[in-house]
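See below for query.txt, which holds compact mmCIF, C-alpha atoms.
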# COMPACT_ATOMS: atom_id res chain seq x y z
CA MET A 953 18.91 17.51 -14.51
CA ILE A 954 16.14 17.90 -11.92
CA LYS A 955 15.89 14.94 -9.56
CA ILE A 956 12.45 14.25 -8.10
CA LEU A 957 11.50 11.60 -5.54
CA PHE A 958 7.79 10.96 -4.91
CA VAL A 959 7.14 9.51 -1.45
CA CYS A 960 4.18 7.88 0.28
CA HIS A 961 3.72 5.40 3.11
CA GLY A 962 4.29 2.09 1.30
CA ASN A 963 5.51 3.04 -2.20
CA ILE A 964 2.96 0.83 -3.93
CA CYS A 965 -0.01 3.19 -4.53
CA ARG A 966 0.33 6.98 -4.54
CA SER A 967 4.06 7.52 -5.04
CA THR A 968 4.35 4.93 -7.81
CA MET A 969 1.28 6.46 -9.46
CA ALA A 970 2.82 9.93 -9.24
CA GLN A 971 6.15 8.64 -10.56
CA SER A 972 4.51 7.09 -13.63
CA VAL A 973 2.16 10.05 -14.22
CA PHE A 974 4.93 12.65 -13.96
CA ALA A 975 7.29 10.61 -16.17
CA HIS A 976 4.52 10.33 -18.77
CA MET A 977 3.83 14.08 -18.63
CA VAL A 978 7.47 15.03 -19.16
CA SER A 979 7.81 12.44 -21.92
CA GLN A 980 4.75 13.84 -23.72
CA GLN A 981 6.40 17.28 -23.67
CA GLY A 982 9.79 15.96 -24.81
CA LEU A 983 11.42 16.84 -21.48
CA SER A 984 12.49 13.40 -20.23
CA ASP A 985 16.18 14.25 -20.54
CA TYR A 986 15.74 17.05 -17.99
CA PHE A 987 14.39 14.84 -15.19
CA GLN A 988 15.32 11.89 -13.01
CA ILE A 989 12.14 10.57 -11.40
CA ASP A 990 11.80 7.87 -8.75
CA SER A 991 9.62 6.97 -5.77
CA ALA A 992 10.05 5.60 -2.27
CA ALA A 993 8.24 4.80 0.99
CA THR A 994 8.53 6.16 4.48
CA SER A 995 7.78 2.70 5.92
CA ARG A 996 9.38 -0.70 5.46
CA GLU A 997 6.08 -2.58 5.16
CA GLU A 998 6.01 -3.09 1.39
CA ILE A 999 9.73 -3.17 0.54
CA GLY A 1000 10.31 -5.28 -2.57
CA ASN A 1001 6.65 -5.39 -3.57
CA PRO A 1002 5.40 -4.26 -7.00
CA PRO A 1003 2.85 -1.45 -7.44
CA HIS A 1004 -0.64 -2.15 -6.08
CA TYR A 1005 -3.02 -3.70 -8.62
CA GLY A 1006 -5.34 -0.70 -8.19
CA THR A 1007 -2.58 1.66 -9.30
CA VAL A 1008 -1.62 -0.64 -12.16
CA ASN A 1009 -5.24 -0.88 -13.33
CA LYS A 1010 -5.89 2.86 -13.07
CA LEU A 1011 -2.77 3.76 -15.04
CA ARG A 1012 -3.64 1.15 -17.69
CA GLN A 1013 -7.18 2.56 -17.90
CA GLU A 1014 -5.73 6.06 -18.47
CA GLY A 1015 -3.16 4.88 -21.03
CA ILE A 1016 -0.18 5.82 -18.84
CA PRO A 1017 2.77 3.42 -18.90
CA LEU A 1018 3.64 1.94 -15.52
CA ILE A 1019 7.29 2.41 -14.63
CA PRO A 1020 8.65 -0.96 -13.46
CA HIS A 1021 9.27 -0.54 -9.76
CA ARG A 1022 9.73 -2.38 -6.49
CA ALA A 1023 8.94 -0.59 -3.24
CA ARG A 1024 11.90 0.79 -1.35
CA GLN A 1025 12.32 2.97 1.70
CA MET A 1026 13.53 6.55 1.47
CA THR A 1027 17.00 7.12 2.92
CA ARG A 1028 18.94 10.05 4.27
CA GLN A 1029 21.11 9.76 1.13
CA ASP A 1030 17.99 10.37 -1.00
CA TYR A 1031 17.65 13.75 0.69
CA LYS A 1032 21.18 14.61 -0.42
CA GLU A 1033 20.73 13.31 -3.98
CA TYR A 1034 17.26 14.60 -4.92
CA ASP A 1035 16.26 18.21 -5.58
CA TYR A 1036 12.58 17.70 -4.73
CA LEU A 1037 11.16 15.13 -2.32
CA ILE A 1038 7.40 15.13 -2.77
CA GLY A 1039 5.13 13.64 -0.11
CA MET A 1040 1.43 12.89 -0.38
CA ASP A 1041 0.16 13.85 3.09
CA ASP A 1042 1.24 15.35 6.42
CA ALA A 1043 2.25 12.00 7.89
CA ASN A 1044 4.53 11.39 4.90
CA ILE A 1045 6.08 14.83 5.33
CA ARG A 1046 6.76 14.26 9.05
CA ASN A 1047 8.31 10.85 8.34
CA MET A 1048 10.36 12.20 5.43
CA GLU A 1049 11.78 14.93 7.67
CA ARG A 1050 12.55 12.33 10.35
CA ILE A 1051 14.37 10.10 7.84
CA ALA A 1052 16.25 13.06 6.34
CA GLY A 1053 17.16 14.53 9.72
CA GLY A 1054 15.16 17.68 9.01
CA ASP A 1055 14.73 19.76 5.88
CA PRO A 1056 17.42 22.45 6.00
CA ALA A 1057 17.49 22.86 2.20
CA HIS A 1058 13.66 23.08 1.93
CA LYS A 1059 13.47 20.19 -0.53
CA ILE A 1060 10.46 18.43 1.03
CA HIS A 1061 7.03 19.43 -0.27
CA ARG A 1062 3.50 18.09 -0.31
CA LEU A 1063 2.41 17.35 -3.90
CA LEU A 1064 -0.81 19.36 -3.86
CA SER A 1065 0.98 22.40 -2.44
CA PHE A 1066 2.18 23.07 -5.99
CA ALA A 1067 -1.49 23.42 -6.96
CA GLY A 1068 -2.06 25.87 -4.10
CA SER A 1069 -3.98 23.31 -2.08
CA GLY A 1070 -3.63 22.21 1.52
CA ARG A 1071 -5.35 18.89 0.74
CA ALA A 1072 -3.64 15.58 1.18
CA ILE A 1073 -3.78 12.89 -1.47
CA ALA A 1074 -5.93 10.19 0.08
CA ASP A 1075 -4.35 6.77 0.35
CA PRO A 1076 -6.33 4.37 -1.88
CA TRP A 1077 -4.96 1.47 0.16
CA TYR A 1078 -7.52 2.57 2.76
CA THR A 1079 -10.15 4.33 0.65
CA GLY A 1080 -10.18 1.87 -2.25
CA ASN A 1081 -10.81 4.86 -4.54
CA PHE A 1082 -8.00 4.97 -7.08
CA ASP A 1083 -10.01 7.36 -9.30
CA VAL A 1084 -9.94 10.18 -6.73
CA THR A 1085 -6.27 9.53 -5.99
CA TYR A 1086 -5.49 9.66 -9.71
CA GLU A 1087 -7.33 12.98 -10.15
CA ASP A 1088 -5.37 14.50 -7.24
CA VAL A 1089 -2.07 13.09 -8.54
CA ILE A 1090 -2.78 14.60 -11.98
CA GLU A 1091 -3.59 17.98 -10.41
CA GLY A 1092 -0.41 17.95 -8.34
CA CYS A 1093 1.88 16.69 -11.11
CA GLU A 1094 0.57 19.24 -13.62
CA ALA A 1095 1.18 22.04 -11.13
CA LEU A 1096 4.63 20.67 -10.23
CA LEU A 1097 5.65 20.50 -13.88
CA GLU A 1098 4.34 24.01 -14.53
CA THR A 1099 6.27 25.30 -11.50
CA LEU A 1100 9.49 23.63 -12.58
CA GLN A 1101 9.13 24.83 -16.17
CA SER A 1102 8.73 28.44 -15.03
CA GLU A 1103 11.60 28.18 -12.53
CA ILE A 1104 14.12 26.92 -15.06
CA GLY A 1105 12.72 28.57 -18.16
CA MET A 1106 11.63 25.51 -20.10
Kindly present the structure from the file in structure tokens form.
Amino acid sequence: MIKILFVCHGNICRSTMAQSVFAHMVSQQGLSDYFQIDSAATSREEIGNPPHYGTVNKLRQEGIPLIPHRARQMTRQDYKEYDYLIGMDDANIRNMERIAGGDPAHKIHRLLSFAGSGRAIADPWYTGNFDVTYEDVIEGCEALLETLQSEIGM
């Protein structure tokens, strides 16, 4: 089983969107049994809160089931337990490495790096544009799934 943790600042917009999108993608391909997928925050600001209404609305609009979730903060134990810890931007990556105490096993990645892009996924909490965030999340999740399928021969 491949364990993936999507991470953003508050765990109510981007990471929960990526968690639901990726879970839907693997389900559509009949691969759900091969993955454990979760999400977390680098901050404590939103702990216990549900996904942002903008994320909920965008996923509903696209016909993607929202995974029930309450925001939680990433822990050092998460670094030990997950195979891939996927951040949305450079600030997330720095904070993830701080929480994990580094990245000696090279498990921390930026989502769009799987698509060969250096772009960050913009935080719709600030931009208000959940459409652009969704498009970037789709691009990154498709590339991540393709990468994982080729690595393990699915």
Shortest contact to A:Glu1049, candidates A:Thr1079, A:Ser967, A:Thr1027, A:Ser1102, atoms counted all atoms listed in the file, goes to A:Thr1027
Excluding A:Thr1085 and residues on its chain fewer than 3 positions from it, collect all residues at most 8 Å away from it, counting all atoms listed in the file, and give them as a list in words. Arg966, Ile1073, Ala1074, Asp1075, Pro1076, Asn1081, Phe1082, Asp1088 and Val1089 of chain A
Computed gap from atom CA of A:Leu957 to atom CA of A:Ser991 is 5.0 Å
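Atom to atom, atom CA of A:Ile1016 and atom CA of A:Ile1104 stand 25.8 Å apart.
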Each side padded by 5 Å, which centre and which edge lengths in Å (one decimal) define the axis-aligned box around the listed atoms of stretch 1043-1062 of chain A? Give them as JSON.
{"center_x": 9.9, "center_y": 16.6, "center_z": 4.9, "size_x": 25.2, "size_y": 23.0, "size_z": 20.9}
For A:Asn963, list every protein, DNA or RNA residue within 9 Å, evaluated using all atoms listed in the file, and leave out those in the same chain fewer than 2 positions away; present the list as a ChimeraX atom specification. /A:958-961,965-968,991-995,998-999,1001-1004,1022-1025
Selection file, C-alpha atoms, as a PDB file, in the frame of the given file:
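Now in selection.pdb:
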ATOM      1  CA  PHE A 958       7.790  10.960  -4.910  1.00  0.00           C
ATOM      2  CA  VAL A 959       7.140   9.510  -1.450  1.00  0.00           C
ATOM      3  CA  CYS A 960       4.180   7.880   0.280  1.00  0.00           C
ATOM      4  CA  HIS A 961       3.720   5.400   3.110  1.00  0.00           C
ATOM      5  CA  CYS A 965      -0.010   3.190  -4.530  1.00  0.00           C
ATOM      6  CA  ARG A 966       0.330   6.980  -4.540  1.00  0.00           C
ATOM      7  CA  SER A 967       4.060   7.520  -5.040  1.00  0.00           C
ATOM      8  CA  THR A 968       4.350   4.930  -7.810  1.00  0.00           C
ATOM      9  CA  SER A 991       9.620   6.970  -5.770  1.00  0.00           C
ATOM     10  CA  ALA A 992      10.050   5.600  -2.270  1.00  0.00           C
ATOM     11  CA  ALA A 993       8.240   4.800   0.990  1.00  0.00           C
ATOM     12  CA  THR A 994       8.530   6.160   4.480  1.00  0.00           C
ATOM     13  CA  SER A 995       7.780   2.700   5.920  1.00  0.00           C
ATOM     14  CA  GLU A 998       6.010  -3.090   1.390  1.00  0.00           C
ATOM     15  CA  ILE A 999       9.730  -3.170   0.540  1.00  0.00           C
ATOM     16  CA  ASN A1001       6.650  -5.390  -3.570  1.00  0.00           C
ATOM     17  CA  PRO A1002       5.400  -4.260  -7.000  1.00  0.00           C
ATOM     18  CA  PRO A1003       2.850  -1.450  -7.440  1.00  0.00           C
ATOM     19  CA  HIS A1004      -0.640  -2.150  -6.080  1.00  0.00           C
ATOM     20  CA  ARG A1022       9.730  -2.380  -6.490  1.00  0.00           C
ATOM     21  CA  ALA A1023       8.940  -0.590  -3.240  1.00  0.00           C
ATOM     22  CA  ARG A1024      11.900   0.790  -1.350  1.00  0.00           C
ATOM     23  CA  GLN A1025      12.320   2.970   1.700  1.00  0.00           C
TER      24      GLN A1025
END
Selection near stretch 1058-1072 of chain A, 10 Å with only C-alpha atoms, sequence-local residues under 2 positions removed, as a PyMOL selection string
chain A and resi 956-959+970+1031-1032+1034-1046+1048-1049+1052+1054-1056+1074-1075+1085+1088-1100
Between A:Lys955, A:Leu983, A:Glu997, A:Met969, which has the minimum distance to A:Ile1019 (counting only C-alpha atoms)?
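Closest candidate: A:Met969.
Reported to one decimal place, the separation of atom CA of A:Gly962 from atom CA of A:Asp990 is 13.8 Å.
Considering only C-alpha atoms, the residue among A:Pro1017, A:Gly1006, A:Gly1053, A:Gly982 positioned nearest to A:Asp1083 is A:Gly1006.
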Could you list, as a ChimeraX atom specification, every residue within 12 Å of A:Gln981, counting only C-alpha atoms and ignoring same-chain residues fewer than 5 positions away? /A:974-976,986-987,1094,1097-1098,1101,1106
A:Gln971, A:Val1008, A:Glu1033, A:Gln1013 ranked by distance to A:Met953, top pick (using only C-alpha atoms):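 The closest residue to A:Met953 is A:Glu1033.
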Selected residue, from A:Val1084, A:Pro1020, A:Tyr1078, A:Arg1028, that lies nearest to A:Asn1047 when counting all atoms listed in the file: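 Of all the options, A:Arg1028 lies closest to A:Asn1047.
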